[in-house]
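What's in protein.pdb: PDB, C-alpha atoms
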ATOM      1  CA  MET O   1       4.402  -4.448   1.004  1.00  0.00           C
ATOM      2  CA  GLU O   2       7.881  -5.817   0.495  1.00  0.00           C
ATOM      3  CA  ILE O   3       7.297  -5.882  -3.248  1.00  0.00           C
ATOM      4  CA  THR O   4       6.233  -2.242  -3.160  1.00  0.00           C
ATOM      5  CA  ALA O   5       9.297  -1.402  -1.087  1.00  0.00           C
ATOM      6  CA  LYS O   6      11.548  -3.276  -3.511  1.00  0.00           C
ATOM      7  CA  TYR O   7      10.389  -1.385  -6.588  1.00  0.00           C
ATOM      8  CA  CYS O   8       9.306   1.937  -5.044  1.00  0.00           C
ATOM      9  CA  ARG O   9      11.525   2.287  -1.970  1.00  0.00           C
ATOM     10  CA  LYS O  10      12.212   6.024  -2.182  1.00  0.00           C
ATOM     11  CA  GLU O  11       8.571   6.906  -2.775  1.00  0.00           C
ATOM     12  CA  MET O  12       7.443   4.702   0.132  1.00  0.00           C
ATOM     13  CA  GLU O  13      10.076   6.135   2.482  1.00  0.00           C
ATOM     14  CA  ASP O  14       9.172   9.734   1.610  1.00  0.00           C
ATOM     15  CA  TYR O  15       5.469   9.026   2.090  1.00  0.00           C
ATOM     16  CA  GLY O  16       6.026   7.156   5.370  1.00  0.00           C
ATOM     17  CA  MET O  17       8.161   9.978   6.776  1.00  0.00           C
ATOM     18  CA  CYS O  18       5.506  12.512   5.801  1.00  0.00           C
ATOM     19  CA  VAL O  19       2.716  10.501   7.465  1.00  0.00           C
ATOM     20  CA  ALA O  20       4.777  10.070  10.641  1.00  0.00           C
ATOM     21  CA  SER O  21       5.631  13.781  10.724  1.00  0.00           C
ATOM     22  CA  ASN O  22       2.030  14.917  10.218  1.00  0.00           C
ATOM     23  CA  PRO O  23      -0.156  12.677  12.422  1.00  0.00           C
ATOM     24  CA  SER O  24      -3.210  14.911  12.357  1.00  0.00           C
ATOM     25  CA  SER O  25      -3.015  16.212   8.789  1.00  0.00           C
ATOM     26  CA  TRP O  26      -1.142  13.545   6.816  1.00  0.00           C
ATOM     27  CA  GLN O  27      -4.062  12.871   4.472  1.00  0.00           C
ATOM     28  CA  GLN O  28      -3.814  16.437   3.140  1.00  0.00           C
ATOM     29  CA  ASP O  29      -0.124  17.184   3.694  1.00  0.00           C
ATOM     30  CA  CYS O  30       1.130  13.947   2.127  1.00  0.00           C
ATOM     31  CA  TYR O  31      -1.284  13.709  -0.783  1.00  0.00           C
ATOM     32  CA  GLN O  32       1.291  14.424  -3.507  1.00  0.00           C
ATOM     33  CA  LEU O  33       3.643  11.799  -2.061  1.00  0.00           C
ATOM     34  CA  LYS O  34       0.769   9.311  -1.993  1.00  0.00           C
ATOM     35  CA  VAL O  35       0.198  10.050  -5.677  1.00  0.00           C
ATOM     36  CA  LYS O  36       3.887   9.361  -6.391  1.00  0.00           C
ATOM     37  CA  VAL O  37       3.667   5.992  -4.607  1.00  0.00           C
ATOM     38  CA  ALA O  38       0.508   5.125  -6.522  1.00  0.00           C
ATOM     39  CA  HIS O  39       2.113   6.062  -9.829  1.00  0.00           C
ATOM     40  CA  CYS O  40       5.214   3.999  -9.098  1.00  0.00           C
ATOM     41  CA  THR O  41       3.309   0.936  -7.953  1.00  0.00           C
ATOM     42  CA  SER O  42       0.703   1.064 -10.695  1.00  0.00           C
ATOM     43  CA  SER O  43       3.357   0.433 -13.306  1.00  0.00           C
ATOM     44  CA  HIS O  44       4.615  -2.884 -11.856  1.00  0.00           C
ATOM     45  CA  PRO O  45       2.783  -6.080 -12.967  1.00  0.00           C
ATOM     46  CA  VAL O  46       3.148  -7.901  -9.633  1.00  0.00           C
ATOM     47  CA  ILE O  47       1.611  -5.009  -7.751  1.00  0.00           C
ATOM     48  CA  GLN O  48      -1.099  -4.634 -10.391  1.00  0.00           C
ATOM     49  CA  LYS O  49      -2.038  -8.289  -9.861  1.00  0.00           C
ATOM     50  CA  ILE O  50      -2.207  -7.902  -6.080  1.00  0.00           C
ATOM     51  CA  ARG O  51      -4.249  -4.703  -6.332  1.00  0.00           C
ATOM     52  CA  SER O  52      -6.630  -6.402  -8.736  1.00  0.00           C
ATOM     53  CA  ASP O  53      -7.052  -9.611  -6.754  1.00  0.00           C
ATOM     54  CA  CYS O  54      -7.200  -7.822  -3.382  1.00  0.00           C
ATOM     55  CA  SER O  55      -9.069  -4.664  -4.306  1.00  0.00           C
ATOM     56  CA  GLU O  56     -11.796  -5.153  -1.688  1.00  0.00           C
ATOM     57  CA  PRO O  57      -9.554  -5.410   1.405  1.00  0.00           C
ATOM     58  CA  PHE O  58      -7.289  -2.668   0.001  1.00  0.00           C
ATOM     59  CA  SER O  59     -10.259  -0.321  -0.465  1.00  0.00           C
ATOM     60  CA  ALA O  60     -11.459  -1.097   3.053  1.00  0.00           C
ATOM     61  CA  PHE O  61      -7.993  -0.246   4.393  1.00  0.00           C
ATOM     62  CA  GLU O  62      -7.905   3.062   2.486  1.00  0.00           C
ATOM     63  CA  GLN O  63     -11.385   3.935   3.750  1.00  0.00           C
ATOM     64  CA  CYS O  64     -10.326   3.152   7.308  1.00  0.00           C
ATOM     65  CA  LEU O  65      -7.337   5.486   6.955  1.00  0.00           C
ATOM     66  CA  LYS O  66      -9.607   8.275   5.740  1.00  0.00           C
ATOM     67  CA  LEU O  67     -11.947   7.791   8.688  1.00  0.00           C
ATOM     68  CA  ASN O  68      -9.123   7.497  11.238  1.00  0.00           C
ATOM     69  CA  GLN O  69      -6.663  10.166  10.137  1.00  0.00           C
ATOM     70  CA  THR O  70      -5.559  10.950  13.668  1.00  0.00           C
ATOM     71  CA  SER O  71      -5.484   7.339  14.861  1.00  0.00           C
ATOM     72  CA  VAL O  72      -4.264   5.162  11.996  1.00  0.00           C
ATOM     73  CA  GLY O  73      -3.563   2.354  14.467  1.00  0.00           C
ATOM     74  CA  ASN O  74      -7.286   1.629  14.344  1.00  0.00           C
ATOM     75  CA  CYS O  75      -6.728   0.197  10.857  1.00  0.00           C
ATOM     76  CA  SER O  76      -4.394  -2.648  11.797  1.00  0.00           C
ATOM     77  CA  GLU O  77      -7.097  -5.262  11.204  1.00  0.00           C
ATOM     78  CA  HIS O  78      -7.727  -3.845   7.723  1.00  0.00           C
ATOM     79  CA  ILE O  79      -4.055  -3.952   6.746  1.00  0.00           C
ATOM     80  CA  SER O  80      -3.783  -7.492   8.105  1.00  0.00           C
ATOM     81  CA  LYS O  81      -6.658  -8.611   5.866  1.00  0.00           C
ATOM     82  CA  PHE O  82      -5.061  -6.945   2.855  1.00  0.00           C
ATOM     83  CA  LEU O  83      -1.660  -8.538   3.554  1.00  0.00           C
ATOM     84  CA  ALA O  84      -3.262 -11.958   4.038  1.00  0.00           C
ATOM     85  CA  CYS O  85      -4.943 -11.560   0.655  1.00  0.00           C
ATOM     86  CA  ALA O  86      -1.719 -10.403  -1.003  1.00  0.00           C
ATOM     87  CA  GLU O  87       0.073 -13.506   0.275  1.00  0.00           C
ATOM     88  CA  THR O  88      -2.444 -15.724  -1.530  1.00  0.00           C
ATOM     89  CA  VAL O  89      -2.126 -14.050  -4.949  1.00  0.00           C
ATOM     90  CA  LYS O  90      -0.828 -16.427  -7.569  1.00  0.00           C
ATOM     91  CA  LEU O  91       2.106 -14.821  -9.342  1.00  0.00           C
ATOM     92  CA  SER O  92       3.038 -17.721 -11.601  1.00  0.00           C
ATOM     93  CA  SER O  93       1.121 -16.243 -14.530  1.00  0.00           C
ATOM     94  CA  LEU O  94       3.379 -13.193 -14.343  1.00  0.00           C
ATOM     95  CA  GLY O  95       6.577 -15.207 -14.580  1.00  0.00           C
ATOM     96  CA  GLU O  96       7.566 -14.365 -11.029  1.00  0.00           C
ATOM     97  CA  PRO O  97       9.582 -17.268  -9.548  1.00  0.00           C
ATOM     98  CA  VAL O  98       8.847 -16.432  -5.893  1.00  0.00           C
ATOM     99  CA  ALA O  99       5.667 -15.918  -3.928  1.00  0.00           C
ATOM    100  CA  VAL O 100       4.866 -12.810  -1.945  1.00  0.00           C
ATOM    101  CA  PRO O 101       7.057 -12.926   1.205  1.00  0.00           C
ATOM    102  CA  HIS O 102       5.442 -13.206   4.634  1.00  0.00           C
ATOM    103  CA  VAL O 103       5.490  -9.973   6.582  1.00  0.00           C
TER     104      VAL O 103
END
This entry written out as structure tokens:
Amino acid sequence: MEITAKYCRKEMEDYGMCVASNPSSWQQDCYQLKVKVAHCTSSHPVIQKIRSDCSEPFSAFEQCLKLNQTSVGNCSEHISKFLACAETVKLSSLGEPVAVPHV
């Protein structure tokens, strides 16, 4: 998450504000902002590596959000699993000198 925030801060902030402002309809109302975040993050090699290596827990988290649009807090276990996976991704092959920071 910190890597995403580092390279896509504005997109993440806009999306987060939209989700917070639209608790019952964020999935629809914030779709275009979600697309902007996805486009930004898909172009960075570190994020590509994490998404590749952690696709299963990430997909489970996204599915949980879709099923719990009005109570996203129900997905905390899913995000925890994704973050735990992201912390284990080996970035050395990408030339990144530091590991994914603990959240």
Result set, the PyMOL selection byres ((chain O and resi 71-73) around 12) on current file, as an mmCIF file with C-alpha atoms, keeping the file's coordinate frame:
data_model
loop_
_atom_site.group_PDB
_atom_site.id
_atom_site.type_symbol
_atom_site.label_atom_id
_atom_site.label_comp_id
_atom_site.auth_asym_id
_atom_site.auth_seq_id
_atom_site.Cartn_x
_atom_site.Cartn_y
_atom_site.Cartn_z
ATOM 1 C CA VAL O 19 2.716 10.501 7.465
ATOM 2 C CA ALA O 20 4.777 10.070 10.641
ATOM 3 C CA ASN O 22 2.030 14.917 10.218
ATOM 4 C CA PRO O 23 -0.156 12.677 12.422
ATOM 5 C CA SER O 24 -3.210 14.911 12.357
ATOM 6 C CA SER O 25 -3.015 16.212 8.789
ATOM 7 C CA TRP O 26 -1.142 13.545 6.816
ATOM 8 C CA GLN O 27 -4.062 12.871 4.472
ATOM 9 C CA PHE O 61 -7.993 -0.246 4.393
ATOM 10 C CA GLU O 62 -7.905 3.062 2.486
ATOM 11 C CA GLN O 63 -11.385 3.935 3.750
ATOM 12 C CA CYS O 64 -10.326 3.152 7.308
ATOM 13 C CA LEU O 65 -7.337 5.486 6.955
ATOM 14 C CA LYS O 66 -9.607 8.275 5.740
ATOM 15 C CA LEU O 67 -11.947 7.791 8.688
ATOM 16 C CA ASN O 68 -9.123 7.497 11.238
ATOM 17 C CA GLN O 69 -6.663 10.166 10.137
ATOM 18 C CA THR O 70 -5.559 10.950 13.668
ATOM 19 C CA ASN O 74 -7.286 1.629 14.344
ATOM 20 C CA CYS O 75 -6.728 0.197 10.857
ATOM 21 C CA SER O 76 -4.394 -2.648 11.797
ATOM 22 C CA GLU O 77 -7.097 -5.262 11.204
ATOM 23 C CA HIS O 78 -7.727 -3.845 7.723
ATOM 24 C CA ILE O 79 -4.055 -3.952 6.746
ATOM 25 C CA SER O 80 -3.783 -7.492 8.105
#
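The shortest atom-to-atom distance to Ser43 (chain O), with only C-alpha atoms taken into account, belongs to O:Cys8 out of O:Val89, O:Phe82, O:Cys8, O:Pro57.
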Fill in: the PyMOL selection byres ((chain O and resi 84-88) around 6) applied to the shown file, residues as a ChimeraX atom specification
/O:50,54,81-83,89,100
For this structure, which residues satisfy the selection - the PyMOL selection byres ((chain O and resi 37-39) around 9) - when it is evaluated on the file as given? I want them as a PDB file with C-alpha atoms, in the coordinates of the input.
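Writing the result to result-v7.pdb gives the following:
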ATOM      1  CA  THR O   4       6.233  -2.242  -3.160  1.00  0.00           C
ATOM      2  CA  CYS O   8       9.306   1.937  -5.044  1.00  0.00           C
ATOM      3  CA  LYS O  10      12.212   6.024  -2.182  1.00  0.00           C
ATOM      4  CA  GLU O  11       8.571   6.906  -2.775  1.00  0.00           C
ATOM      5  CA  MET O  12       7.443   4.702   0.132  1.00  0.00           C
ATOM      6  CA  TYR O  15       5.469   9.026   2.090  1.00  0.00           C
ATOM      7  CA  GLN O  32       1.291  14.424  -3.507  1.00  0.00           C
ATOM      8  CA  LEU O  33       3.643  11.799  -2.061  1.00  0.00           C
ATOM      9  CA  LYS O  34       0.769   9.311  -1.993  1.00  0.00           C
ATOM     10  CA  VAL O  35       0.198  10.050  -5.677  1.00  0.00           C
ATOM     11  CA  LYS O  36       3.887   9.361  -6.391  1.00  0.00           C
ATOM     12  CA  CYS O  40       5.214   3.999  -9.098  1.00  0.00           C
ATOM     13  CA  THR O  41       3.309   0.936  -7.953  1.00  0.00           C
ATOM     14  CA  SER O  42       0.703   1.064 -10.695  1.00  0.00           C
ATOM     15  CA  SER O  43       3.357   0.433 -13.306  1.00  0.00           C
TER      16      SER O  43
END
Show me, as lines of an AutoDock Vina configuration file, the centre and edge lengths in Å to one decimal of the axis-aligned box that covers every listed atom of region 4-8 of chain O with 3 Å on each side.
center_x = 8.9
center_y = -0.7
center_z = -3.8
size_x = 11.3
size_y = 11.2
size_z = 11.5
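Here CA of Ala5 (chain O) is placed at a distance of 17.7 Å from CA of Cys30 (chain O).
The two atoms in question, CA of Arg51 (chain O) and CA of Lys6 (chain O), are spaced 16.1 Å apart.
The two atoms in question, CA of Glu13 (chain O) and CA of His44 (chain O), are spaced 17.8 Å apart.
Among O:Gly16, O:Ser59, O:Pro45, O:Asp53, the residue with the shortest atom-to-atom distance to Asp29 (chain O), counting only C-alpha atoms, is O:Gly16.
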